[in-house]
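Engineer: What follows is coords09.cif, mmCIF, C-alpha atoms.
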```cif
data_input
#
loop_
_atom_site.label_atom_id
_atom_site.label_comp_id
_atom_site.auth_asym_id
_atom_site.auth_seq_id
_atom_site.Cartn_x
_atom_site.Cartn_y
_atom_site.Cartn_z
CA MET H 1 23.05 14.92 -27.90
CA SER H 2 19.35 15.64 -28.42
CA VAL H 3 16.92 15.51 -25.51
CA GLU H 4 14.88 12.89 -27.36
CA LEU H 5 17.85 10.53 -27.55
CA ILE H 6 18.84 11.26 -23.93
CA THR H 7 15.32 10.37 -22.73
CA ILE H 8 15.33 7.09 -24.66
CA LEU H 9 18.82 6.16 -23.47
CA MET H 10 18.12 6.95 -19.82
CA PHE H 11 14.99 4.84 -19.59
CA ALA H 12 16.37 2.06 -21.80
CA SER H 13 19.47 1.87 -19.58
CA LEU H 14 17.30 1.79 -16.46
CA MET H 15 15.09 -1.01 -17.82
CA LEU H 16 18.15 -3.00 -18.90
CA LEU H 17 19.71 -2.78 -15.44
CA LEU H 18 16.45 -3.74 -13.75
CA ALA H 19 16.11 -6.71 -16.12
CA THR H 20 19.50 -8.00 -14.91
CA GLY H 21 18.13 -8.17 -11.36
CA LEU H 22 20.07 -5.19 -10.05
CA PRO H 23 18.28 -3.64 -7.03
CA VAL H 24 16.18 -0.59 -7.91
CA VAL H 25 18.25 1.82 -5.85
CA PHE H 26 21.48 0.88 -7.65
CA ALA H 27 19.82 0.96 -11.06
CA LEU H 28 18.39 4.44 -10.47
CA GLY H 29 21.56 5.73 -8.86
CA SER H 30 24.00 4.42 -11.45
CA VAL H 31 22.01 5.74 -14.42
CA SER H 32 21.71 9.13 -12.70
CA VAL H 33 25.42 9.38 -11.89
CA ILE H 34 26.64 8.25 -15.32
CA PHE H 35 24.40 10.57 -17.31
CA ALA H 36 25.00 13.50 -14.93
CA TYR H 37 28.78 13.03 -15.02
CA PHE H 38 29.16 12.77 -18.79
CA LEU H 39 26.37 15.08 -20.01
CA ILE H 40 26.28 17.79 -17.32
CA GLY H 41 29.59 17.62 -15.50
CA PRO H 42 31.11 16.34 -12.25
CA SER H 43 29.95 19.41 -10.33
CA PHE H 44 26.34 18.31 -10.74
CA LEU H 45 26.96 15.22 -8.62
CA GLY H 46 26.73 17.42 -5.55
CA GLN H 47 22.98 17.50 -6.22
CA PHE H 48 22.74 13.94 -4.93
CA ALA H 49 24.15 14.90 -1.54
CA LEU H 50 21.88 17.95 -1.46
CA SER H 51 18.87 15.74 -2.22
CA MET H 52 19.66 13.53 0.76
CA PHE H 53 20.05 16.52 3.07
CA ARG H 54 16.75 17.95 1.85
CA LEU H 55 15.03 14.65 2.63
CA MET H 56 16.44 14.58 6.14
CA ASN H 57 15.19 18.13 6.77
CA ILE H 58 11.58 17.40 5.83
CA ASN H 59 9.62 17.13 9.07
CA ALA H 60 6.93 14.90 7.54
CA MET H 61 9.57 12.26 6.80
CA LEU H 62 9.58 11.40 10.51
CA ALA H 63 6.09 9.96 10.08
CA ILE H 64 7.38 7.15 7.85
CA PRO H 65 9.52 5.28 10.43
CA LEU H 66 6.93 5.95 13.14
CA PHE H 67 4.10 4.39 11.11
CA ILE H 68 6.35 1.48 10.11
CA PHE H 69 7.25 0.93 13.76
CA MET H 70 3.58 1.06 14.72
CA GLY H 71 2.69 -1.59 12.15
CA ASN H 72 5.52 -3.90 13.19
CA ILE H 73 4.65 -3.70 16.89
CA LEU H 74 0.94 -4.25 16.18
CA GLU H 75 1.87 -7.31 14.14
CA ARG H 76 3.31 -8.89 17.30
CA SER H 77 0.93 -7.35 19.84
CA GLY H 78 -1.84 -9.94 19.81
CA VAL H 79 -4.52 -7.48 18.69
CA ALA H 80 -5.20 -9.50 15.52
CA ASP H 81 -5.72 -12.73 17.51
CA ASP H 82 -8.54 -11.22 19.55
CA LEU H 83 -10.06 -9.53 16.51
CA TYR H 84 -10.09 -12.82 14.63
CA GLU H 85 -11.71 -14.64 17.51
CA MET H 86 -14.34 -11.92 17.71
CA MET H 87 -15.04 -12.11 13.96
CA ASN H 88 -15.32 -15.90 14.19
CA LYS H 89 -18.00 -15.56 16.84
CA TRP H 90 -19.98 -12.99 14.87
CA PHE H 91 -19.61 -14.34 11.34
CA GLY H 92 -19.11 -18.08 11.90
CA MET H 93 -22.70 -18.88 10.89
CA VAL H 94 -22.55 -16.76 7.71
CA PRO H 95 -21.45 -18.37 4.40
CA GLY H 96 -17.73 -17.65 4.10
CA GLY H 97 -17.81 -16.08 7.57
CA LEU H 98 -14.13 -16.55 8.38
CA ALA H 99 -13.09 -15.10 5.01
CA LEU H 100 -15.47 -12.17 5.53
CA GLY H 101 -14.05 -11.63 9.01
CA THR H 102 -10.54 -11.69 7.54
CA ILE H 103 -11.42 -8.85 5.15
CA LEU H 104 -12.88 -6.81 8.02
CA ILE H 105 -9.84 -7.41 10.23
CA CYS H 106 -7.49 -6.45 7.38
CA THR H 107 -9.51 -3.25 6.92
CA ILE H 108 -9.18 -2.43 10.63
CA PHE H 109 -5.50 -3.34 10.61
CA ALA H 110 -4.95 -1.08 7.58
CA ALA H 111 -6.53 1.83 9.45
CA MET H 112 -4.23 1.16 12.41
CA SER H 113 -0.89 0.51 10.76
CA GLY H 114 -0.87 1.56 7.09
CA ILE H 115 1.50 -1.31 6.22
CA SER H 116 0.36 -4.20 4.04
CA ALA H 117 3.00 -6.63 5.24
CA ALA H 118 1.69 -6.48 8.83
CA ALA H 119 -1.85 -7.59 7.94
CA THR H 120 -0.81 -10.13 5.28
CA GLY H 121 1.76 -11.84 7.46
CA THR H 122 -0.35 -11.79 10.62
CA MET H 123 -3.56 -13.05 9.01
CA GLY H 124 -1.61 -15.63 7.03
CA LEU H 125 -0.46 -17.12 10.34
CA ILE H 126 -3.78 -16.75 12.19
CA ALA H 127 -6.62 -16.98 9.68
CA LEU H 128 -5.26 -19.33 7.02
CA PRO H 129 -4.80 -22.40 9.29
CA ALA H 130 -8.27 -21.82 10.79
CA MET H 131 -9.94 -21.62 7.37
CA LEU H 132 -8.10 -24.65 5.97
CA LYS H 133 -8.94 -26.66 9.10
CA ARG H 134 -12.65 -25.94 8.58
CA GLY H 135 -12.53 -27.07 4.95
CA TYR H 136 -12.40 -23.70 3.18
CA ASP H 137 -11.32 -23.69 -0.45
CA LYS H 138 -7.59 -23.01 -0.35
CA LYS H 139 -7.68 -20.44 -3.17
CA LEU H 140 -10.47 -18.47 -1.53
CA ALA H 141 -8.65 -18.52 1.82
CA VAL H 142 -5.31 -17.46 0.34
CA GLY H 143 -6.86 -14.86 -1.99
CA CYS H 144 -8.85 -13.05 0.69
CA ILE H 145 -5.78 -12.72 2.93
CA MET H 146 -3.56 -11.39 0.12
CA ALA H 147 -6.20 -8.94 -1.11
CA GLY H 148 -7.25 -7.78 2.36
CA GLY H 149 -3.63 -7.37 3.42
CA GLY H 150 -3.01 -5.00 0.53
CA LEU H 151 -5.56 -2.51 1.89
CA GLY H 152 -2.84 -0.99 4.05
CA GLN H 153 -1.51 0.57 0.85
CA LEU H 154 -4.67 2.62 0.39
CA ILE H 155 -6.50 3.08 3.67
CA PRO H 156 -4.88 5.79 5.82
CA PRO H 157 -2.47 6.05 7.49
CA SER H 158 -0.59 4.64 4.48
CA SER H 159 3.17 5.23 4.68
CA GLN H 160 3.41 5.25 0.88
CA MET H 161 0.86 8.06 0.72
CA ILE H 162 3.34 10.09 2.76
CA VAL H 163 6.09 9.41 0.21
CA TRP H 164 3.80 10.39 -2.68
CA ALA H 165 2.66 13.55 -0.92
CA LEU H 166 6.22 14.66 -0.26
CA TRP H 167 7.36 14.14 -3.85
CA ALA H 168 4.22 15.40 -5.57
CA ASN H 169 3.88 18.42 -3.26
CA GLU H 170 0.50 17.30 -1.93
CA SER H 171 -0.92 17.56 1.57
CA VAL H 172 -0.38 14.34 3.52
CA GLY H 173 -3.67 14.89 5.35
CA GLN H 174 -5.55 15.41 2.08
CA MET H 175 -4.03 12.24 0.66
CA PHE H 176 -5.15 10.34 3.75
CA ILE H 177 -8.69 11.70 3.50
CA GLY H 178 -8.85 10.99 -0.22
CA GLY H 179 -8.01 7.33 0.35
CA ILE H 180 -10.85 6.59 2.79
CA ILE H 181 -13.75 6.07 0.35
CA PRO H 182 -11.69 4.16 -2.28
CA GLY H 183 -10.38 1.92 0.50
CA LEU H 184 -13.90 1.21 1.73
CA ILE H 185 -15.09 0.59 -1.84
CA LEU H 186 -12.35 -1.96 -2.35
CA ALA H 187 -12.99 -3.68 0.98
CA SER H 188 -16.74 -3.79 0.17
CA LEU H 189 -16.08 -5.36 -3.23
CA PHE H 190 -13.97 -8.07 -1.57
CA PHE H 191 -16.60 -8.61 1.13
CA PHE H 192 -19.61 -8.97 -1.16
CA TYR H 193 -17.71 -11.04 -3.73
CA ILE H 194 -16.89 -13.61 -1.02
CA LEU H 195 -20.41 -13.52 0.43
CA ILE H 196 -22.19 -13.96 -2.93
CA ARG H 197 -19.80 -16.64 -4.14
CA CYS H 198 -20.16 -18.63 -0.92
CA LEU H 199 -23.96 -18.29 -0.97
CA PHE H 200 -24.06 -19.96 -4.39
CA ASN H 201 -21.37 -22.55 -3.63
CA ARG H 202 -21.58 -23.74 -0.03
CA ASP H 203 -18.67 -26.17 -0.57
CA LEU H 204 -16.21 -23.26 -0.77
CA ALA H 205 -16.69 -22.30 2.87
CA PRO H 206 -18.56 -24.62 5.25
CA PHE H 207 -20.55 -23.13 8.13
CA ASN H 208 -19.41 -23.43 11.71
CA SER H 209 -20.99 -26.47 13.33
CA ALA H 210 -23.79 -25.90 15.87
CA GLU H 211 -21.49 -26.52 18.83
CA ASP H 212 -18.96 -24.00 17.50
CA ARG H 213 -21.49 -21.18 17.23
CA ALA H 214 -21.25 -18.55 19.93
CA SER H 215 -24.11 -17.36 22.12
CA TRP H 216 -25.19 -13.73 22.09
CA ASN H 217 -23.51 -13.24 25.45
CA GLU H 218 -20.20 -14.58 24.05
CA LYS H 219 -20.54 -12.33 21.01
CA LEU H 220 -21.08 -9.24 23.12
CA VAL H 221 -18.15 -10.06 25.39
CA ALA H 222 -15.95 -10.61 22.32
CA LEU H 223 -16.61 -7.03 21.17
CA LYS H 224 -14.03 -5.85 23.70
CA ALA H 225 -11.46 -6.86 21.08
CA VAL H 226 -12.30 -3.76 19.03
CA ILE H 227 -11.74 -1.26 21.85
CA LEU H 228 -7.98 -0.87 21.44
CA PRO H 229 -8.09 -0.78 17.60
CA ILE H 230 -10.81 1.89 17.67
CA LEU H 231 -8.81 3.98 20.15
CA ILE H 232 -5.70 3.74 17.98
CA ILE H 233 -7.63 4.66 14.82
CA LEU H 234 -9.27 7.60 16.56
CA GLY H 235 -5.95 8.69 18.00
CA VAL H 236 -4.19 8.62 14.63
CA LEU H 237 -6.80 9.55 12.04
CA GLY H 238 -9.05 11.52 14.39
CA SER H 239 -6.18 13.77 15.45
CA ILE H 240 -5.25 14.45 11.81
CA PHE H 241 -8.76 15.06 10.49
CA GLY H 242 -9.68 17.10 13.55
CA GLY H 243 -6.70 19.37 13.00
CA VAL H 244 -5.31 18.53 16.43
CA ALA H 245 -2.07 16.97 15.16
CA THR H 246 0.08 16.87 12.07
CA PRO H 247 0.64 13.47 10.39
CA THR H 248 4.04 13.26 12.10
CA GLU H 249 2.54 13.88 15.53
CA ALA H 250 -0.29 11.45 14.76
CA ALA H 251 2.31 8.82 13.83
CA ALA H 252 3.88 9.26 17.26
CA ILE H 253 0.43 8.80 18.84
CA GLY H 254 0.00 5.60 16.81
CA ALA H 255 3.41 4.28 17.84
CA LEU H 256 2.55 4.91 21.50
CA GLY H 257 -0.82 3.19 20.99
CA ALA H 258 0.92 0.15 19.50
CA LEU H 259 3.26 -0.06 22.50
CA ILE H 260 0.31 0.22 24.89
CA SER H 261 -1.50 -2.55 22.96
CA GLY H 262 1.53 -4.80 23.28
CA ALA H 263 1.68 -4.08 27.02
CA VAL H 264 -2.05 -4.79 27.49
CA TYR H 265 -1.70 -8.16 25.75
CA GLY H 266 1.48 -8.97 27.68
CA ARG H 267 3.64 -9.06 24.56
CA LEU H 268 5.72 -5.94 25.04
CA ASN H 269 8.93 -7.84 25.60
CA TRP H 270 12.49 -7.31 24.43
CA ALA H 271 12.21 -9.82 21.55
CA ASN H 272 9.17 -8.09 20.03
CA LEU H 273 10.57 -4.63 20.63
CA ARG H 274 13.85 -5.61 18.98
CA TYR H 275 11.91 -7.09 16.04
CA GLY H 276 9.92 -3.87 15.64
CA LEU H 277 12.98 -1.63 15.79
CA THR H 278 15.05 -3.82 13.46
CA ARG H 279 12.32 -4.13 10.85
CA THR H 280 11.63 -0.40 11.08
CA ALA H 281 15.30 0.41 10.48
CA GLN H 282 15.47 -1.99 7.52
CA VAL H 283 12.33 -0.76 5.78
CA THR H 284 13.04 2.93 6.48
CA ALA H 285 16.57 2.61 5.13
CA MET H 286 15.26 0.93 1.98
CA VAL H 287 12.66 3.67 1.44
CA MET H 288 15.18 6.44 2.07
CA TRP H 289 17.75 5.01 -0.35
CA ILE H 290 15.13 4.58 -3.07
CA MET H 291 13.91 8.14 -2.49
CA THR H 292 17.47 9.48 -2.65
CA ALA H 293 18.25 7.59 -5.85
CA GLY H 294 14.89 8.67 -7.30
CA ALA H 295 15.64 12.29 -6.43
CA GLY H 296 18.97 12.01 -8.23
CA PHE H 297 17.34 10.47 -11.28
CA ALA H 298 14.63 13.16 -11.34
CA SER H 299 17.22 15.95 -10.96
CA THR H 300 19.37 14.61 -13.79
CA PHE H 301 16.41 13.96 -16.05
CA SER H 302 15.01 17.45 -15.43
CA ALA H 303 18.41 19.17 -15.85
CA LEU H 304 18.85 17.45 -19.23
CA GLY H 305 15.45 18.74 -20.38
CA GLY H 306 13.71 15.36 -20.30
CA GLN H 307 10.79 16.42 -18.13
CA GLN H 308 9.92 19.37 -20.36
CA PHE H 309 10.36 17.22 -23.47
CA VAL H 310 7.94 14.51 -22.27
CA THR H 311 5.31 17.06 -21.21
CA THR H 312 5.55 18.88 -24.55
CA ALA H 313 5.55 15.64 -26.54
CA ILE H 314 2.40 14.31 -24.84
CA GLY H 315 0.68 17.68 -25.34
CA GLY H 316 1.70 17.70 -29.00
CA LEU H 317 -0.01 14.37 -29.66
CA GLU H 318 -3.39 16.06 -29.09
CA LEU H 319 -4.81 12.98 -27.42
CA HIS H 320 -8.01 13.19 -25.43
CA PRO H 321 -7.08 13.94 -21.79
CA TRP H 322 -8.88 10.85 -20.53
CA LEU H 323 -6.98 8.67 -22.97
CA VAL H 324 -3.72 10.01 -21.51
CA ILE H 325 -4.89 9.19 -17.96
CA ILE H 326 -5.89 5.67 -19.04
CA MET H 327 -2.51 5.18 -20.72
CA MET H 328 -0.78 6.24 -17.49
CA GLN H 329 -2.81 3.74 -15.48
CA LEU H 330 -1.91 0.96 -17.91
CA ILE H 331 1.77 1.92 -17.60
CA TYR H 332 1.41 1.70 -13.82
CA VAL H 333 -0.14 -1.76 -14.11
CA ALA H 334 2.76 -2.93 -16.29
CA MET H 335 5.37 -1.40 -13.97
CA GLY H 336 3.66 -2.95 -10.97
CA CYS H 337 4.43 -6.42 -12.34
CA PHE H 338 8.15 -5.84 -11.83
CA LEU H 339 8.76 -2.89 -9.47
CA ASP H 340 7.68 -1.92 -5.98
CA ALA H 341 5.50 1.13 -5.34
CA ASN H 342 8.31 3.35 -4.05
CA ALA H 343 10.40 2.80 -7.18
CA ILE H 344 7.39 3.46 -9.43
CA MET H 345 6.72 6.71 -7.59
CA MET H 346 10.29 7.91 -8.01
CA LEU H 347 10.20 7.16 -11.74
CA SER H 348 6.76 8.49 -12.57
CA ILE H 349 6.10 11.56 -10.43
CA PRO H 350 8.58 13.88 -12.23
CA VAL H 351 7.14 12.81 -15.59
CA PHE H 352 3.43 12.29 -14.95
CA ILE H 353 2.51 15.05 -12.48
CA PRO H 354 3.34 17.96 -14.86
CA ILE H 355 1.28 16.24 -17.55
CA VAL H 356 -1.68 15.72 -15.20
CA GLU H 357 -1.54 19.40 -14.21
CA SER H 358 -1.34 20.53 -17.85
CA LEU H 359 -4.42 18.44 -18.67
CA GLY H 360 -6.40 20.15 -15.90
CA PHE H 361 -6.90 17.12 -13.64
CA SER H 362 -6.58 17.16 -9.86
CA THR H 363 -3.16 15.91 -8.81
CA LEU H 364 -4.69 14.77 -5.49
CA TRP H 365 -7.15 12.60 -7.42
CA PHE H 366 -4.33 11.22 -9.55
CA GLY H 367 -2.22 10.47 -6.47
CA VAL H 368 -4.97 8.41 -4.82
CA LEU H 369 -5.60 6.70 -8.17
CA PHE H 370 -1.97 5.64 -8.06
CA MET H 371 -2.52 4.08 -4.64
CA VAL H 372 -5.57 2.18 -5.93
CA ASN H 373 -3.49 1.01 -8.87
CA MET H 374 -0.74 -0.20 -6.57
CA GLU H 375 -3.31 -2.49 -4.97
CA LEU H 376 -3.09 -4.35 -8.29
CA ALA H 377 0.71 -4.31 -8.11
CA PHE H 378 0.63 -6.12 -4.76
CA LEU H 379 -1.10 -9.10 -6.39
CA THR H 380 0.19 -8.96 -9.97
CA PRO H 381 2.46 -11.85 -11.03
CA PRO H 382 5.32 -12.44 -11.29
CA PHE H 383 6.62 -10.12 -8.53
CA GLY H 384 3.58 -8.92 -6.58
CA ILE H 385 4.94 -8.50 -3.06
CA ASN H 386 1.89 -9.98 -1.26
CA LEU H 387 2.28 -13.13 -3.37
CA PHE H 388 5.66 -13.68 -1.77
CA TYR H 389 4.51 -12.69 1.71
CA MET H 390 1.83 -15.35 1.31
CA LYS H 391 4.24 -17.98 0.05
CA GLY H 392 6.23 -17.52 3.23
CA VAL H 393 3.32 -18.60 5.49
CA VAL H 394 1.27 -21.13 3.48
CA PRO H 395 1.63 -24.88 4.11
CA SER H 396 3.72 -26.94 1.70
CA GLU H 397 0.71 -28.33 -0.20
CA ILE H 398 -0.10 -24.82 -1.51
CA ASN H 399 2.29 -23.98 -4.35
CA MET H 400 3.05 -20.75 -6.18
CA GLY H 401 0.61 -21.65 -8.96
CA ASP H 402 -2.21 -21.87 -6.41
CA ILE H 403 -1.24 -18.47 -5.03
CA TYR H 404 -1.19 -16.90 -8.51
CA SER H 405 -4.61 -18.30 -9.40
CA ALA H 406 -6.03 -17.27 -6.01
CA ALA H 407 -5.13 -13.66 -6.83
CA ILE H 408 -7.01 -13.50 -10.17
CA PRO H 409 -10.59 -12.77 -8.97
CA PHE H 410 -9.30 -10.15 -6.55
CA LEU H 411 -7.23 -8.52 -9.30
CA ILE H 412 -10.47 -8.16 -11.30
CA LEU H 413 -12.18 -6.54 -8.29
CA GLN H 414 -9.26 -4.16 -7.86
CA ALA H 415 -9.49 -3.19 -11.54
CA ILE H 416 -13.22 -2.48 -11.04
CA ALA H 417 -12.43 -0.27 -8.02
CA LEU H 418 -9.83 1.61 -10.09
CA ALA H 419 -12.40 2.19 -12.86
CA ILE H 420 -14.98 3.44 -10.33
CA CYS H 421 -12.51 5.94 -8.86
CA MET H 422 -11.55 7.15 -12.35
CA ILE H 423 -15.12 7.53 -13.62
CA PHE H 424 -16.35 9.12 -10.38
CA PRO H 425 -13.56 11.44 -9.12
CA GLN H 426 -15.72 12.53 -6.18
CA THR H 427 -15.11 9.15 -4.56
CA ILE H 428 -11.66 10.61 -3.87
CA LEU H 429 -12.29 14.34 -3.77
CA PHE H 430 -15.59 14.55 -1.84
CA LEU H 431 -14.27 14.07 1.71
CA ALA H 432 -11.09 16.01 0.96
CA GLY H 433 -13.23 18.92 -0.22
CA MET H 434 -15.39 18.81 2.90
CA VAL H 435 -12.46 18.78 5.31
CA GLY H 436 -10.51 21.34 3.31
#
```
Output the file's structure in the form of structure tokens.
Structural biologist:
Amino acid sequence: MSVELITILMFASLMLLLATGLPVVFALGSVSVIFAYFLIGPSFLGQFALSMFRLMNINAMLAIPLFIFMGNILERSGVADDLYEMMNKWFGMVPGGLALGTILICTIFAAMSGISAAATGTMGLIALPAMLKRGYDKKLAVGCIMAGGGLGQLIPPSSQMIVWALWANESVGQMFIGGIIPGLILASLFFFYILIRCLFNRDLAPFNSAEDRASWNEKLVALKAVILPILIILGVLGSIFGGVATPTEAAAIGALGALISGAVYGRLNWANLRYGLTRTAQVTAMVMWIMTAGAGFASTFSALGGQQFVTTAIGGLELHPWLVIIMMQLIYVAMGCFLDANAIMMLSIPVFIPIVESLGFSTLWFGVLFMVNMELAFLTPPFGINLFYMKGVVPSEINMGDIYSAAIPFLILQAIALAICMIFPQTILFLAGMVG
């Protein structure tokens, strides 16, 4: 059987299985096993076991459950409650102040936990009722929480950056550094979009009443809410960028910081600890199974000559390199409508990274571009994961149609951020080059 036909059959089979609703791990695994068994031989199936053992022996893999645990504990620690109260005091008199404060809190939360679910779920429970009670437009309130929550995908320490770095043979620290400026660009676009829109349409977000506005003394006292978050961020990111700790060691620092935060707020109890450990085990197991199945798929595809075929075929088309990069980004957008980021990574890295290298582009730049693109995937109907996180916390009068329409302006802003990072690669590479 020709490599061309094998490539078509493998991906067609995978898409067919995914279309039936089969979980990604079983779709990847079954296609890998069937093609390996019949086209290579039963002996090749041992590669799947070897792939799992290799994963377990990678030291950096320990950072994934630690960062997930940190995010889950912070979600229950009470840090977000104090941060929101502080933002309300400082931004309550600004048009759209609570929505602006939500974006800032999500940015801080992203830099503490690196998990989108933590910020989206927490702010959905804290910020959404407060905004709706004050008469905020429901689509603006829902949209800012979904978009801000997704920043954990991009702003370090992102757990998915660790997965990408491991599979694409990048430095985890460099990936983290490369995501800082794009993350701040995206947060700034959200912030100024809300501010400008609310300035021109005051009905979207009423001001706090005079009696609700805090005095300067109350504002200054409220700033104590940022002490613990800043210490956690410095402990995690500062230790990595300063060369004091590896990402795995920094993840342990972050987990300890989350436990201390829970203790300070009096919420380090057995129920919250059990929640954090259970959720960490669930999410880590899911990630590990997807990575194992993806490794099997990549091994089979490469052994059958598919990877070399795709790289040669793209090179033979003689397309402009930038056109190839744009096509890849459009493929990511389409895949993001139906698959989660981990599955997309497992499918695309073995195919796309060799092409990016052959075209002379930085693979670090391309990796961070992927993370920016996955910001779109978090909000893209029909299966954007933050859409469903949001549906789980909104009141009954907000339906799925409202949530979809609330995401549209923020999807446009995310597309603008992706274009900026593509046109100006130094937004990603500048800090990474400085730190080295």
Engineer: If I take atom CA of Asn72 of chain H and atom CA of Asp402 of chain H, how far is one from the other in Å, to one decimal?
Structural biologist: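 Between atom CA of Asn72 of chain H and atom CA of Asp402 of chain H the gap is 27.7 Å.
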Engineer: I would like the residues chosen by the PyMOL selection byres ((chain H and resi 257) around 10) on the shown file; could you give them as a ChimeraX atom specification?
Structural biologist: /H:70,73-74,112,228-229,231-233,235-236,251-256,258-263
Engineer: I'd like to see the residues matched by the PyMOL selection byres ((chain H and resi 274-277) around 10) on this file, and ideally I'd get them as a PyMOL selection string.
Structural biologist: chain H and resi 65+68-76+269-273+278-282
Engineer: Tell me, as a tab-separated table (two decimals) with C-alpha atoms, in the coordinates of the input, which residues lie within 7 Å of segment 144-159 of chain H, counting only C-alpha atoms; anything in the same chain fewer than 6 positions away does not count.
Structural biologist:
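What landed in out-v6.tsv:
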```tsv
chain	number	residue	atom	x	y	z
H	64	ILE	CA	7.38	7.15	7.85
H	67	PHE	CA	4.10	4.39	11.11
H	99	ALA	CA	-13.09	-15.10	5.01
H	102	THR	CA	-10.54	-11.69	7.54
H	103	ILE	CA	-11.42	-8.85	5.15
H	106	CYS	CA	-7.49	-6.45	7.38
H	107	THR	CA	-9.51	-3.25	6.92
H	110	ALA	CA	-4.95	-1.08	7.58
H	111	ALA	CA	-6.53	1.83	9.45
H	113	SER	CA	-0.89	0.51	10.76
H	114	GLY	CA	-0.87	1.56	7.09
H	115	ILE	CA	1.50	-1.31	6.22
H	116	SER	CA	0.36	-4.20	4.04
H	117	ALA	CA	3.00	-6.63	5.24
H	119	ALA	CA	-1.85	-7.59	7.94
H	120	THR	CA	-0.81	-10.13	5.28
H	123	MET	CA	-3.56	-13.05	9.01
H	124	GLY	CA	-1.61	-15.63	7.03
H	176	PHE	CA	-5.15	10.34	3.75
H	179	GLY	CA	-8.01	7.33	0.35
H	180	ILE	CA	-10.85	6.59	2.79
H	183	GLY	CA	-10.38	1.92	0.50
H	371	MET	CA	-2.52	4.08	-4.64
H	372	VAL	CA	-5.57	2.18	-5.93
H	375	GLU	CA	-3.31	-2.49	-4.97
H	378	PHE	CA	0.63	-6.12	-4.76
H	386	ASN	CA	1.89	-9.98	-1.26
H	390	MET	CA	1.83	-15.35	1.31
H	410	PHE	CA	-9.30	-10.15	-6.55
```
Engineer: Please list as a compact mmCIF listing (two decimals) with C-alpha atoms, keeping the file's coordinate frame every residue within 10 Å of Ile162 of chain H, counting only C-alpha atoms and excluding residues in the same chain fewer than 6 positions away.
Structural biologist:
```txt
# COMPACT_ATOMS: atom_id res chain seq x y z
CA ALA H 60 6.93 14.90 7.54
CA MET H 61 9.57 12.26 6.80
CA ALA H 63 6.09 9.96 10.08
CA ILE H 64 7.38 7.15 7.85
CA PRO H 156 -4.88 5.79 5.82
CA ALA H 168 4.22 15.40 -5.57
CA GLU H 170 0.50 17.30 -1.93
CA SER H 171 -0.92 17.56 1.57
CA VAL H 172 -0.38 14.34 3.52
CA GLY H 173 -3.67 14.89 5.35
CA MET H 175 -4.03 12.24 0.66
CA PHE H 176 -5.15 10.34 3.75
CA PRO H 247 0.64 13.47 10.39
CA THR H 248 4.04 13.26 12.10
```
Engineer: What separation in Å, quoted to one decimal, exists between atom CA of Gly143 of chain H and atom CA of Met422 of chain H?
Structural biologist: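 About the pair atom CA of Gly143 of chain H and atom CA of Met422 of chain H: they are 24.8 Å apart.
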Engineer: Pick out the residues sitting within 10 Å of segment 43-50 of chain H, and hand them over as a ChimeraX atom specification; count all atoms listed in the file, and ignore anything fewer than 5 positions along from it in its own chain.
Structural biologist: /H:29,32-34,36-37,55-56,292-297,299-300,303
Engineer: Could you list the residues chosen by the PyMOL selection byres ((chain H and resi 348-353) around 7) in this structure as a ChimeraX atom specification?
Structural biologist: /H:168,298,307,310,344-347,354-357,363
Engineer: Could you check the closest approach to Ile227 of chain H for each of H:Val394, H:Val79, H:Leu418, H:Met87 and tell me which residue wins, using all atoms listed in the file?
Structural biologist: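 Going through H:Val394, H:Val79, H:Leu418, H:Met87 one by one, the smallest distance to Ile227 of chain H is for H:Val79.
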Engineer: For Glu397 of chain H, which residue among H:Asn373, H:Ser188, H:Lys138, H:Ile40 is the nearest when counting all atoms listed in the file?
Structural biologist: H:Lys138
Engineer: List as a VMD selection string the protein and nucleic acid residues near Pro206 of chain H, meaning an atom at most 8 Å away when all atoms listed in the file are counted, but skip any in the same chain fewer than 5 places from it.
Structural biologist: chain H and resid 95 to 96 134 to 136
Engineer: Produce the centre coordinates and the three edge lengths, each in Å to one decimal, of the box along x, y and z that contains all listed atoms of segment 237-249 of chain H with 5 Å added on each side, as lines of an AutoDock Vina configuration file.
Structural biologist:
```
center_x = -2.8
center_y = 14.5
center_z = 13.4
size_x = 23.7
size_y = 19.8
size_z = 16.0
```
Engineer: Extract, using all atoms listed in the file, all DNA, RNA and protein residues at most 12 Å from Cys421 of chain H, discarding same-chain residues fewer than 5 positions from it, and format them as a ChimeraX atom specification.
Structural biologist: /H:178-186,329,365-373,414-416,426-430
